[in-house]
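One structure is given here, and the rest of the page talks about it.
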Amino acid sequence: MTKRPASAHLTRRTVLAGAAALGATPFLSRASSAAAWPDRPVKFVVPFAAGGTTDILGRLVAQKLSEDYGQQFIVENKPGAGGNIAADFVAKAEPDGYTFIVGTPGTHAINKYVQKNMPYDPIKDIQPVTIIARVPNLMSVNPEVPAKTVAEFIALAKSKPGQLFYGTPGLGSTAHLATELFKSMTGIDIVHVPYKGSAPALTDLVAGRVHVMIDNLPAVLPFAENNNVRALAISTAERWPLLPNIPSIGETVKGYDAAAWFTVAAPAKVSKDIVMKLNASIIKYIKSPDGIDRIRKLGGEPIGNTPEEMQAFVIAETEKWGKVAEFAKIKPE
């Protein structure tokens with residue numbers, strides 16, 4: 001029998017070790033890594049406290065992924081700095097496919113305009129996976145405000161420049177920029193009153209200390225249903241599927257479209273194979289009957305797009321909100 005040359009006895013481990021020593025990441029290693037993923041718990045980092053829309057959507061997706069993969073997807077809340085603490089943590093995490101962020105317009109597009117010394121680059125340091133859902137804002141007024149439509153509110157505001165006040169959950173929030181977008185497109189002059197969250201702002205809207213809010217639908221809708229505030233319109237270009245009887249702002253203000261959106265994203269250097277595997281799993285669920293039903297009950301509309309589509313959307317949103325921040329003369333703090 002012919003003796004095999006010594007090279008034929010090289011094991012796969014030897015090949016991979018040699019490649020690693022040369023600084024390479026062999027194809028077999030990447031492929032097997034993605035195929036085996038996840039083989040330990042995966043962390044979904046939420047940039048806000050438990051109980052909000054971001055947290056609820058993150059937990060909904062994480063629970064389903066845990067069931068599908070037989071491996072725990074754990075939600076970890078890291079609030080602070082408008083989401084920057086969590087986003088920076090994920091951006092600098094080991095890119096092994098075991099740490100992701102449940103992102104928002106703040107972490108991906110807005111914070112760079114309202115916060116100094118950004119510790120990460122939302123485009124270069126964060127890799128998109130998919131958008132889970134969009135959640136619109138609801139434009140509502142105190143019941144004593146004599147305006148029952150968007151057009152009537154615009155006319156009222158123009159007749160009283162600087163005399164009407166709008167509340168938001170805080171400087172740089174999606175509600176703040178959504179209202180400034182409305183101002184820039186209608187030419188009205190209403191005064192910003194920032195609060196520390198939606199709850200105190202809505203309390204003052206009900207009390208009449210502020211006149212109008214364009215805030216997250218899940219937060220405002222219970223007040224509208226109890227007639228504590230008057231709903232005027234949804235903050236999207238077209239009517240929202242769950243509330244077809246409420247007009248959209250876009251029906252009166254052509255081109256207006258503002259909604260919160262919630263994503264899953266990864267450190268920039270995570271394997272594309274892992275990203276696509278996770279992308280497919282999330283989309284499969286959020287476009288299933290159960291996923292659609294659960295997300296719509298939260299006031300959202302499921303999206304589920306490709307990483308490339310998410311990236312294009314984020315870039316467009318970043319440009320849009322940058323123009324709004326400039327219009328509003330928002331200075332990073």
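Labels used: A, B, ... for chains in the order of the structure tokens, numbers from 1 for residues in each chain, and numbers from 1 for ligands as shown.
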
Write out as a ChimeraX atom specification all residues of segment 27-82 of chain A that backbone DSSP assigns to helix (DSSP H, G or I). /A:27-36,53-69,81-82

Using only C-alpha atoms, tabulate the residues of segment 239-277 of chain A lying at most 9 Å from any atom of segment 185-194 of chain A, each with its closest atom pair and that distance in Å to one decimal, by chain and increasing residue number, as JSON lines.
```
{"residue": "A:Val253", "atom": "CA", "partner": "A:Met185", "partner_atom": "CA", "distance": 7.2}
{"residue": "A:Lys254", "atom": "CA", "partner": "A:Met185", "partner_atom": "CA", "distance": 8.8}
{"residue": "A:Gly255", "atom": "CA", "partner": "A:Met185", "partner_atom": "CA", "distance": 8.8}
{"residue": "A:Tyr256", "atom": "CA", "partner": "A:Met185", "partner_atom": "CA", "distance": 7.7}
```

Writing out the chosen residues with C-alpha atoms as a compact mmCIF listing (two decimals), in the first residue's frame:
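Output saved as result.txt:
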```
# COMPACT_ATOMS: atom_id res chain seq x y z
CA VAL A 253 -50.45 68.48 5.33
CA LYS A 254 -49.23 66.81 2.15
CA GLY A 255 -45.98 64.92 2.60
CA TYR A 256 -46.13 64.82 6.38
```

Looking at only C-alpha atoms, which of A:Ala201, A:Ile286, A:Ile123, A:Leu232 is the one that sits closest to Ala151 of chain A?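 Looking at the shortest contact to Ala151 of chain A, the residue is A:Leu232.
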
Distance of atom CA of Glu317 of chain A from atom CA of Gly291 of chain A, expressed in Å to one decimal place: 25.3 Å

Contact residues around segment 53-60 of chain A with only C-alpha atoms at 8 Å, ignoring same-chain residues under 4 positions, as a PDB file with all heavy atoms, in the first residue's frame:
```pdb
ATOM      1  N   PHE A  44     -30.542  40.641  24.013  1.00  0.00           N
ATOM      2  CA  PHE A  44     -31.189  41.765  23.347  1.00  0.00           C
ATOM      3  C   PHE A  44     -31.153  42.948  24.321  1.00  0.00           C
ATOM      4  O   PHE A  44     -31.794  42.907  25.367  1.00  0.00           O
ATOM      5  CB  PHE A  44     -32.652  41.430  23.014  1.00  0.00           C
ATOM      6  CG  PHE A  44     -32.860  40.789  21.668  1.00  0.00           C
ATOM      7  CD1 PHE A  44     -31.823  40.155  21.010  1.00  0.00           C
ATOM      8  CD2 PHE A  44     -34.100  40.816  21.058  1.00  0.00           C
ATOM      9  CE1 PHE A  44     -32.007  39.554  19.774  1.00  0.00           C
ATOM     10  CE2 PHE A  44     -34.305  40.225  19.822  1.00  0.00           C
ATOM     11  CZ  PHE A  44     -33.249  39.593  19.171  1.00  0.00           C
ATOM     12  N   VAL A  46     -32.131  46.575  25.463  1.00  0.00           N
ATOM     13  CA  VAL A  46     -33.182  47.577  25.271  1.00  0.00           C
ATOM     14  C   VAL A  46     -32.713  48.892  25.894  1.00  0.00           C
ATOM     15  O   VAL A  46     -32.323  48.918  27.071  1.00  0.00           O
ATOM     16  CB  VAL A  46     -34.509  47.116  25.910  1.00  0.00           C
ATOM     17  CG1 VAL A  46     -35.536  48.247  25.922  1.00  0.00           C
ATOM     18  CG2 VAL A  46     -35.060  45.916  25.151  1.00  0.00           C
ATOM     19  N   PRO A  47     -32.737  50.000  25.155  1.00  0.00           N
ATOM     20  CA  PRO A  47     -32.166  51.249  25.652  1.00  0.00           C
ATOM     21  C   PRO A  47     -33.047  52.054  26.601  1.00  0.00           C
ATOM     22  O   PRO A  47     -32.718  53.193  26.917  1.00  0.00           O
ATOM     23  CB  PRO A  47     -31.886  52.039  24.369  1.00  0.00           C
ATOM     24  CG  PRO A  47     -32.872  51.524  23.396  1.00  0.00           C
ATOM     25  CD  PRO A  47     -33.096  50.078  23.723  1.00  0.00           C
ATOM     26  N   PHE A  48     -34.153  51.471  27.042  1.00  0.00           N
ATOM     27  CA  PHE A  48     -35.052  52.169  27.957  1.00  0.00           C
ATOM     28  C   PHE A  48     -35.508  51.225  29.060  1.00  0.00           C
ATOM     29  O   PHE A  48     -35.270  50.014  28.995  1.00  0.00           O
ATOM     30  CB  PHE A  48     -36.265  52.733  27.199  1.00  0.00           C
ATOM     31  CG  PHE A  48     -35.871  53.666  26.088  1.00  0.00           C
ATOM     32  CD1 PHE A  48     -35.924  53.257  24.765  1.00  0.00           C
ATOM     33  CD2 PHE A  48     -35.418  54.951  26.366  1.00  0.00           C
ATOM     34  CE1 PHE A  48     -35.538  54.099  23.741  1.00  0.00           C
ATOM     35  CE2 PHE A  48     -35.026  55.805  25.337  1.00  0.00           C
ATOM     36  CZ  PHE A  48     -35.087  55.378  24.026  1.00  0.00           C
ATOM     37  N   ALA A  49     -36.168  51.778  30.062  1.00  0.00           N
ATOM     38  CA  ALA A  49     -36.647  50.980  31.183  1.00  0.00           C
ATOM     39  C   ALA A  49     -37.725  50.001  30.733  1.00  0.00           C
ATOM     40  O   ALA A  49     -38.338  50.169  29.670  1.00  0.00           O
ATOM     41  CB  ALA A  49     -37.195  51.896  32.285  1.00  0.00           C
ATOM     42  N   LYS A  64     -40.259  34.610  21.246  1.00  0.00           N
ATOM     43  CA  LYS A  64     -40.501  33.716  20.115  1.00  0.00           C
ATOM     44  C   LYS A  64     -39.205  33.083  19.625  1.00  0.00           C
ATOM     45  O   LYS A  64     -39.161  31.890  19.291  1.00  0.00           O
ATOM     46  CB  LYS A  64     -41.174  34.497  18.975  1.00  0.00           C
ATOM     47  CG  LYS A  64     -41.538  33.617  17.786  1.00  0.00           C
ATOM     48  CD  LYS A  64     -42.506  32.504  18.179  1.00  0.00           C
ATOM     49  CE  LYS A  64     -42.884  31.650  16.988  1.00  0.00           C
ATOM     50  NZ  LYS A  64     -43.760  30.513  17.375  1.00  0.00           N
ATOM     51  N   VAL A  75     -33.605  39.663  27.414  1.00  0.00           N
ATOM     52  CA  VAL A  75     -33.708  41.117  27.299  1.00  0.00           C
ATOM     53  C   VAL A  75     -33.018  41.761  28.494  1.00  0.00           C
ATOM     54  O   VAL A  75     -33.285  41.419  29.644  1.00  0.00           O
ATOM     55  CB  VAL A  75     -35.181  41.567  27.228  1.00  0.00           C
ATOM     56  CG1 VAL A  75     -35.282  43.087  27.348  1.00  0.00           C
ATOM     57  CG2 VAL A  75     -35.812  41.103  25.920  1.00  0.00           C
ATOM     58  N   ASN A  77     -32.236  45.581  30.029  1.00  0.00           N
ATOM     59  CA  ASN A  77     -32.549  47.004  29.936  1.00  0.00           C
ATOM     60  C   ASN A  77     -31.347  47.836  30.377  1.00  0.00           C
ATOM     61  O   ASN A  77     -30.825  47.645  31.473  1.00  0.00           O
ATOM     62  CB  ASN A  77     -33.757  47.345  30.800  1.00  0.00           C
ATOM     63  CG  ASN A  77     -35.002  46.599  30.367  1.00  0.00           C
ATOM     64  OD1 ASN A  77     -35.261  45.489  30.821  1.00  0.00           O
ATOM     65  ND2 ASN A  77     -35.777  47.188  29.478  1.00  0.00           N
ATOM     66  N   VAL A 102     -32.216  46.513  20.533  1.00  0.00           N
ATOM     67  CA  VAL A 102     -33.556  46.835  20.047  1.00  0.00           C
ATOM     68  C   VAL A 102     -33.558  48.353  19.888  1.00  0.00           C
ATOM     69  O   VAL A 102     -33.666  49.089  20.857  1.00  0.00           O
ATOM     70  CB  VAL A 102     -34.640  46.364  21.030  1.00  0.00           C
ATOM     71  CG1 VAL A 102     -36.029  46.651  20.456  1.00  0.00           C
ATOM     72  CG2 VAL A 102     -34.495  44.872  21.318  1.00  0.00           C
ATOM     73  N   GLY A 103     -33.354  48.812  18.660  1.00  0.00           N
ATOM     74  CA  GLY A 103     -33.107  50.228  18.406  1.00  0.00           C
ATOM     75  C   GLY A 103     -34.359  51.036  18.132  1.00  0.00           C
ATOM     76  O   GLY A 103     -35.448  50.496  17.885  1.00  0.00           O
ATOM     77  N   THR A 104     -34.192  52.359  18.149  1.00  0.00           N
ATOM     78  CA  THR A 104     -35.276  53.322  17.954  1.00  0.00           C
ATOM     79  C   THR A 104     -34.778  54.470  17.071  1.00  0.00           C
ATOM     80  O   THR A 104     -33.582  54.548  16.773  1.00  0.00           O
ATOM     81  CB  THR A 104     -35.713  53.907  19.306  1.00  0.00           C
ATOM     82  OG1 THR A 104     -34.632  54.702  19.836  1.00  0.00           O
ATOM     83  CG2 THR A 104     -36.073  52.809  20.305  1.00  0.00           C
ATOM     84  N   ILE A 132     -38.648  45.900  13.194  1.00  0.00           N
ATOM     85  CA  ILE A 132     -39.740  45.083  13.724  1.00  0.00           C
ATOM     86  C   ILE A 132     -41.089  45.700  13.346  1.00  0.00           C
ATOM     87  O   ILE A 132     -41.967  45.032  12.803  1.00  0.00           O
ATOM     88  CB  ILE A 132     -39.651  44.966  15.258  1.00  0.00           C
ATOM     89  CG1 ILE A 132     -38.318  44.350  15.684  1.00  0.00           C
ATOM     90  CG2 ILE A 132     -40.827  44.155  15.804  1.00  0.00           C
ATOM     91  CD1 ILE A 132     -38.087  44.427  17.190  1.00  0.00           C
ATOM     92  N   PRO A 218     -49.661  54.355  21.548  1.00  0.00           N
ATOM     93  CA  PRO A 218     -50.051  53.547  22.706  1.00  0.00           C
ATOM     94  C   PRO A 218     -50.205  54.353  23.987  1.00  0.00           C
ATOM     95  O   PRO A 218     -51.021  54.019  24.843  1.00  0.00           O
ATOM     96  CB  PRO A 218     -48.908  52.534  22.830  1.00  0.00           C
ATOM     97  CG  PRO A 218     -48.357  52.427  21.453  1.00  0.00           C
ATOM     98  CD  PRO A 218     -48.442  53.811  20.897  1.00  0.00           C
ATOM     99  N   PHE A 262     -38.981  50.566  15.446  1.00  0.00           N
ATOM    100  CA  PHE A 262     -38.233  49.751  16.400  1.00  0.00           C
ATOM    101  C   PHE A 262     -37.518  48.637  15.638  1.00  0.00           C
ATOM    102  O   PHE A 262     -38.128  47.951  14.818  1.00  0.00           O
ATOM    103  CB  PHE A 262     -39.185  49.188  17.452  1.00  0.00           C
ATOM    104  CG  PHE A 262     -39.940  50.269  18.166  1.00  0.00           C
ATOM    105  CD1 PHE A 262     -41.141  50.744  17.654  1.00  0.00           C
ATOM    106  CD2 PHE A 262     -39.437  50.852  19.314  1.00  0.00           C
ATOM    107  CE1 PHE A 262     -41.832  51.772  18.287  1.00  0.00           C
ATOM    108  CE2 PHE A 262     -40.112  51.884  19.946  1.00  0.00           C
ATOM    109  CZ  PHE A 262     -41.311  52.342  19.437  1.00  0.00           C
ATOM    110  N   ILE A 295     -48.532  42.572  17.488  1.00  0.00           N
ATOM    111  CA  ILE A 295     -47.952  43.894  17.239  1.00  0.00           C
ATOM    112  C   ILE A 295     -49.037  44.934  17.010  1.00  0.00           C
ATOM    113  O   ILE A 295     -48.948  46.068  17.498  1.00  0.00           O
ATOM    114  CB  ILE A 295     -46.971  43.821  16.054  1.00  0.00           C
ATOM    115  CG1 ILE A 295     -45.723  43.011  16.456  1.00  0.00           C
ATOM    116  CG2 ILE A 295     -46.564  45.220  15.590  1.00  0.00           C
ATOM    117  CD1 ILE A 295     -44.778  42.719  15.317  1.00  0.00           C
ATOM    118  N   LEU A 298     -50.550  46.315  20.049  1.00  0.00           N
ATOM    119  CA  LEU A 298     -49.688  47.299  20.708  1.00  0.00           C
ATOM    120  C   LEU A 298     -49.737  48.650  19.991  1.00  0.00           C
ATOM    121  O   LEU A 298     -49.092  49.607  20.425  1.00  0.00           O
ATOM    122  CB  LEU A 298     -48.248  46.790  20.730  1.00  0.00           C
ATOM    123  CG  LEU A 298     -47.979  45.563  21.608  1.00  0.00           C
ATOM    124  CD1 LEU A 298     -46.563  45.046  21.362  1.00  0.00           C
ATOM    125  CD2 LEU A 298     -48.171  45.911  23.086  1.00  0.00           C
TER     126      LEU A 298
END
```

Where does DSSP see strand (DSSP E or B) in segment 124-266 of chain A, if you list the residues as a count of residues only? 43

Just give me the gap between atom CA of Gly304 of chain A and atom CA of Ile274 of chain A in Å, one decimal is fine.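 Computing the Euclidean distance for atom CA of Gly304 of chain A and atom CA of Ile274 of chain A yields 16.4 Å.
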
If I take atom CA of Val114 of chain A and atom CA of Val45 of chain A, how far is one from the other in Å, to one decimal?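 Between atom CA of Val114 of chain A and atom CA of Val45 of chain A the gap works out to 21.8 Å.
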